[in-house]
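J.: Okay, here's the structure, questions in a sec.
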Amino acid sequence: MVELEQGMGIRVEALSAEFQAQAQVWAERLGVPLVDDEAGFAVQVGPDGLQIQQLGPQAPGPVRVDFVEGQAAHRRLYGGGNGQMIAKAVGIAQGVRPQVLDATAGLGKDAFVLASLGCQMTLIERQPLIAALLEDGLARARGDDEVGAIVERMHLLTGNAIERMRAWEGEPPQVIYLDPMFPHRDKSALVKKEMRVFRPLVGDDLDAPALLEAALALASHRVVVKRPRKAPIIDGPKPSHSLEGKSSRYDIYPKKALKA
């Protein structure tokens, strides 16, 4: 059963009659009703796949996952390849493509960038609605000639990342990547429609210190934490160094060197 912050309800709806059966399946999977006149959000099923739409007179547009078109395609083609800061942060280099666990997957944007550069990715997303968008986006992308091979390197897990890392079985990931939701106070942070939708759904990651602790215990080579550029470091051990961009930075916690 999906539970929202701030007590706001959610419903599932088909955008046309031909998607009614799929809407019923998602409603049952998520434990969300098909009819709720008081709902503040709608999970919509239509020709473009699954999307979340905040309801109300001034609500932003729908949020969905699309790895084939739009921002993902532009960044894949023109984003800078191995020269991107995220690539440097996780340790991508000549002959080095680390196995990465993205423990705060969200809409999968950063994981897709790393997968497009050749990394084998495991993703964890704990919010069931966001995980559903991600699952739907991955499924649609597998049918694309160019992107299909990239998303085959992305394996999605759901549930609490801290618990999953503490109970990890098998070979540990070489790099763990964290991008916890930061408690923004700046109103400009609400400009992006994705953030406006995410806040009530996800809330802030107040357990970020425990997330970092679990990641440091599990990763074999390094942990990387993405933060707003001026945000404080997460409580706990200090990073050895940071890579800083215009709006964000990557705090790096090395354990041992990545080698080809």
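Going through the structure tokens in order, the chains are called A, B, and so on, while each chain numbers its residues from 1 and the ligands are numbered from 1 in the order shown.
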Just the residues within 7 Å of segment 88-105 of chain A, please, counting only C-alpha atoms, with nothing from its chain fewer than 4 positions along; format it as a VMD selection string.
T.: chain A and resid 82 to 84 111 118 to 125 161 173 to 180 224 250 252 258 to 260
J.: With a distance cut-off of 12 Å and only C-alpha atoms, select the neighbouring residues of Gly80 of chain A, excluding the residue or stretch itself and same-chain residues fewer than 5 positions from it, and output the selection as a PDB file with all heavy atoms, in the first residue's frame.
T.:
```pdb
ATOM      1  N   HIS A  74      19.510  13.498 -25.135  1.00  0.00           N
ATOM      2  CA  HIS A  74      20.429  14.610 -25.361  1.00  0.00           C
ATOM      3  C   HIS A  74      21.716  14.421 -24.562  1.00  0.00           C
ATOM      4  O   HIS A  74      22.825  14.627 -25.083  1.00  0.00           O
ATOM      5  CB  HIS A  74      19.752  15.931 -24.963  1.00  0.00           C
ATOM      6  CG  HIS A  74      20.556  17.140 -25.336  1.00  0.00           C
ATOM      7  ND1 HIS A  74      21.509  17.680 -24.493  1.00  0.00           N
ATOM      8  CD2 HIS A  74      20.575  17.904 -26.455  1.00  0.00           C
ATOM      9  CE1 HIS A  74      22.070  18.728 -25.067  1.00  0.00           C
ATOM     10  NE2 HIS A  74      21.517  18.882 -26.259  1.00  0.00           N
ATOM     11  N   ARG A  75      21.581  13.995 -23.300  1.00  0.00           N
ATOM     12  CA  ARG A  75      22.770  13.822 -22.485  1.00  0.00           C
ATOM     13  C   ARG A  75      23.603  12.628 -22.969  1.00  0.00           C
ATOM     14  O   ARG A  75      24.832  12.667 -22.949  1.00  0.00           O
ATOM     15  CB  ARG A  75      22.377  13.636 -21.016  1.00  0.00           C
ATOM     16  CG  ARG A  75      23.574  13.664 -20.077  1.00  0.00           C
ATOM     17  CD  ARG A  75      23.167  13.782 -18.639  1.00  0.00           C
ATOM     18  NE  ARG A  75      24.319  13.765 -17.755  1.00  0.00           N
ATOM     19  CZ  ARG A  75      24.249  13.745 -16.431  1.00  0.00           C
ATOM     20  NH1 ARG A  75      23.060  13.763 -15.846  1.00  0.00           N
ATOM     21  NH2 ARG A  75      25.338  13.716 -15.696  1.00  0.00           N
ATOM     22  N   MET A  85      31.453  15.012 -14.896  1.00  0.00           N
ATOM     23  CA  MET A  85      31.895  14.985 -13.512  1.00  0.00           C
ATOM     24  C   MET A  85      31.466  13.713 -12.790  1.00  0.00           C
ATOM     25  O   MET A  85      32.212  13.144 -11.993  1.00  0.00           O
ATOM     26  CB  MET A  85      31.369  16.227 -12.775  1.00  0.00           C
ATOM     27  CG  MET A  85      32.094  16.505 -11.473  1.00  0.00           C
ATOM     28  SD  MET A  85      31.531  18.024 -10.690  1.00  0.00           S
ATOM     29  CE  MET A  85      31.914  19.195 -11.977  1.00  0.00           C
ATOM     30  N   ILE A  86      30.255  13.230 -13.087  1.00  0.00           N
ATOM     31  CA  ILE A  86      29.778  12.013 -12.429  1.00  0.00           C
ATOM     32  C   ILE A  86      30.645  10.818 -12.808  1.00  0.00           C
ATOM     33  O   ILE A  86      30.896   9.927 -11.987  1.00  0.00           O
ATOM     34  CB  ILE A  86      28.288  11.748 -12.742  1.00  0.00           C
ATOM     35  CG1 ILE A  86      27.763  10.602 -11.891  1.00  0.00           C
ATOM     36  CG2 ILE A  86      28.058  11.488 -14.226  1.00  0.00           C
ATOM     37  CD1 ILE A  86      26.279  10.372 -12.029  1.00  0.00           C
ATOM     38  N   ALA A  87      31.125  10.801 -14.059  1.00  0.00           N
ATOM     39  CA  ALA A  87      31.992   9.712 -14.499  1.00  0.00           C
ATOM     40  C   ALA A  87      33.308   9.727 -13.728  1.00  0.00           C
ATOM     41  O   ALA A  87      33.809   8.680 -13.286  1.00  0.00           O
ATOM     42  CB  ALA A  87      32.249   9.815 -15.999  1.00  0.00           C
ATOM     43  N   LYS A  88      33.869  10.908 -13.573  1.00  0.00           N
ATOM     44  CA  LYS A  88      35.108  11.034 -12.806  1.00  0.00           C
ATOM     45  C   LYS A  88      34.891  10.661 -11.345  1.00  0.00           C
ATOM     46  O   LYS A  88      35.740  10.026 -10.713  1.00  0.00           O
ATOM     47  CB  LYS A  88      35.638  12.456 -12.909  1.00  0.00           C
ATOM     48  CG  LYS A  88      36.039  12.869 -14.330  1.00  0.00           C
ATOM     49  CD  LYS A  88      36.461  14.329 -14.382  1.00  0.00           C
ATOM     50  CE  LYS A  88      36.836  14.763 -15.791  1.00  0.00           C
ATOM     51  NZ  LYS A  88      37.196  16.194 -15.862  1.00  0.00           N
ATOM     52  N   VAL A 113      23.070   7.472 -17.162  1.00  0.00           N
ATOM     53  CA  VAL A 113      24.314   8.061 -17.664  1.00  0.00           C
ATOM     54  C   VAL A 113      25.479   7.092 -17.450  1.00  0.00           C
ATOM     55  O   VAL A 113      26.270   6.829 -18.370  1.00  0.00           O
ATOM     56  CB  VAL A 113      24.603   9.405 -16.978  1.00  0.00           C
ATOM     57  CG1 VAL A 113      26.008   9.896 -17.316  1.00  0.00           C
ATOM     58  CG2 VAL A 113      23.585  10.451 -17.391  1.00  0.00           C
ATOM     59  N   LEU A 114      25.573   6.532 -16.259  1.00  0.00           N
ATOM     60  CA  LEU A 114      26.682   5.626 -15.965  1.00  0.00           C
ATOM     61  C   LEU A 114      26.563   4.334 -16.770  1.00  0.00           C
ATOM     62  O   LEU A 114      27.569   3.799 -17.252  1.00  0.00           O
ATOM     63  CB  LEU A 114      26.721   5.331 -14.463  1.00  0.00           C
ATOM     64  CG  LEU A 114      27.045   6.543 -13.577  1.00  0.00           C
ATOM     65  CD1 LEU A 114      26.929   6.177 -12.102  1.00  0.00           C
ATOM     66  CD2 LEU A 114      28.434   7.089 -13.884  1.00  0.00           C
ATOM     67  N   SER A 116      25.200   4.116 -19.709  1.00  0.00           N
ATOM     68  CA  SER A 116      25.531   4.461 -21.092  1.00  0.00           C
ATOM     69  C   SER A 116      27.039   4.551 -21.294  1.00  0.00           C
ATOM     70  O   SER A 116      27.528   4.413 -22.421  1.00  0.00           O
ATOM     71  CB  SER A 116      24.870   5.787 -21.491  1.00  0.00           C
ATOM     72  OG  SER A 116      25.479   6.890 -20.837  1.00  0.00           O
ATOM     73  N   LEU A 117      27.784   4.758 -20.205  1.00  0.00           N
ATOM     74  CA  LEU A 117      29.242   4.812 -20.280  1.00  0.00           C
ATOM     75  C   LEU A 117      29.875   3.450 -20.035  1.00  0.00           C
ATOM     76  O   LEU A 117      31.106   3.331 -20.039  1.00  0.00           O
ATOM     77  CB  LEU A 117      29.777   5.830 -19.267  1.00  0.00           C
ATOM     78  CG  LEU A 117      29.326   7.281 -19.491  1.00  0.00           C
ATOM     79  CD1 LEU A 117      29.857   8.185 -18.391  1.00  0.00           C
ATOM     80  CD2 LEU A 117      29.761   7.793 -20.856  1.00  0.00           C
TER      81      LEU A 117
END
```
J.: Identify, on the basis of only C-alpha atoms, every residue whose closest approach to segment 212-218 of chain A does not exceed 7 Å; exclude the query and any residue fewer than 2 positions from it along the same chain; express the result as a VMD selection string.
T.: chain A and resid 162 165 to 166 172 176 208 to 210 220 223
J.: I'd like the neighbourhood of Lys230 of chain A as a list in words, where a residue qualifies if any of its atoms comes within 9 Å (using only C-alpha atoms), though same-chain residues fewer than 3 positions away should be ignored.
T.: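 Near neighbours after the sequence-gap exclusion: Arg227, Ser247, Ser248 and Arg249 of chain A.
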J.: With N, CA and C atoms retained, export the selected residues as a PDB file, in the first residue's frame.
T.:
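That gives us selection.pdb:
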```
ATOM      1  N   ARG A 227      25.588  16.067  -3.759  1.00  0.00           N
ATOM      2  CA  ARG A 227      24.964  17.047  -2.870  1.00  0.00           C
ATOM      3  C   ARG A 227      24.761  18.363  -3.624  1.00  0.00           C
ATOM      4  N   SER A 247      26.089  23.717  -9.721  1.00  0.00           N
ATOM      5  CA  SER A 247      24.961  23.608  -8.794  1.00  0.00           C
ATOM      6  C   SER A 247      25.075  22.430  -7.840  1.00  0.00           C
ATOM      7  N   SER A 248      25.954  21.501  -8.135  1.00  0.00           N
ATOM      8  CA  SER A 248      26.085  20.334  -7.270  1.00  0.00           C
ATOM      9  C   SER A 248      27.550  19.931  -7.137  1.00  0.00           C
ATOM     10  N   ARG A 249      27.794  19.022  -6.220  1.00  0.00           N
ATOM     11  CA  ARG A 249      29.149  18.522  -6.036  1.00  0.00           C
ATOM     12  C   ARG A 249      29.072  17.029  -5.706  1.00  0.00           C
TER      13      ARG A 249
END
```
J.: Using only C-alpha atoms for the distances, tell me which of A:Gln54, A:Ala132, A:Gly137, A:Gly46 is nearest to Ala17 of chain A.
T.: A:Gly46
J.: Show me, as a ChimeraX atom specification, the residues that have an atom within 6 Å of Gln53 of chain A when counting only C-alpha atoms, minus same-chain residues fewer than 2 positions from it.
T.: /A:41-42,62
J.: Compare A:Val147, A:Leu107, A:Leu243, A:Met181 by their minimum atom-to-atom distance to Ile130 of chain A, counting only C-alpha atoms, and give me the closest one.
T.: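 Of all the options, A:Leu107 lies closest to Ile130 of chain A.
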J.: Mind checking DSSP for segment 26-129 of chain A and telling me the strand (DSSP E or B) residues as a PyMOL selection string?
T.: chain A and resi 41-46+49-54+63+93+96+100-102+121-125
J.: Hey, what's within 12 Å of Leu55 of chain A if we count only C-alpha atoms and toss same-chain stuff fewer than 6 positions away? As a list of chain:residue names, please?
T.: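 Contacts, in chain order: A:Met8, A:Gly9, A:Ile10, A:Arg11, A:Asp36, A:Asp37, A:Glu38, A:Ala39, A:Gly40, A:Phe41, A:Ala42, A:Val43, A:Gln44, A:Gly61, A:Pro62, A:Arg196, A:Val197.
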J.: For the selection just defined, write its residues with C-alpha atoms to a file, as a PDB file, in the first residue's frame.
T.:
```
ATOM      1  CA  MET A   8      -2.515  13.425   0.244  1.00  0.00           C
ATOM      2  CA  GLY A   9      -4.427  10.689  -1.568  1.00  0.00           C
ATOM      3  CA  ILE A  10      -3.617   9.102  -4.904  1.00  0.00           C
ATOM      4  CA  ARG A  11      -5.575   7.231  -7.546  1.00  0.00           C
ATOM      5  CA  ASP A  36     -10.796   8.819  -5.363  1.00  0.00           C
ATOM      6  CA  ASP A  37     -12.302  12.277  -5.794  1.00  0.00           C
ATOM      7  CA  GLU A  38     -10.147  13.644  -2.961  1.00  0.00           C
ATOM      8  CA  ALA A  39      -6.853  12.484  -4.479  1.00  0.00           C
ATOM      9  CA  GLY A  40      -3.990  14.945  -4.830  1.00  0.00           C
ATOM     10  CA  PHE A  41      -2.107  12.777  -7.329  1.00  0.00           C
ATOM     11  CA  ALA A  42      -2.974  10.413 -10.159  1.00  0.00           C
ATOM     12  CA  VAL A  43      -0.928   7.549 -11.558  1.00  0.00           C
ATOM     13  CA  GLN A  44      -1.940   7.707 -15.206  1.00  0.00           C
ATOM     14  CA  GLY A  61       2.839  18.646 -15.887  1.00  0.00           C
ATOM     15  CA  PRO A  62       3.183  14.875 -15.548  1.00  0.00           C
ATOM     16  CA  ARG A 196       7.342  19.703  -6.935  1.00  0.00           C
ATOM     17  CA  VAL A 197       5.888  16.229  -7.418  1.00  0.00           C
TER      18      VAL A 197
END
```
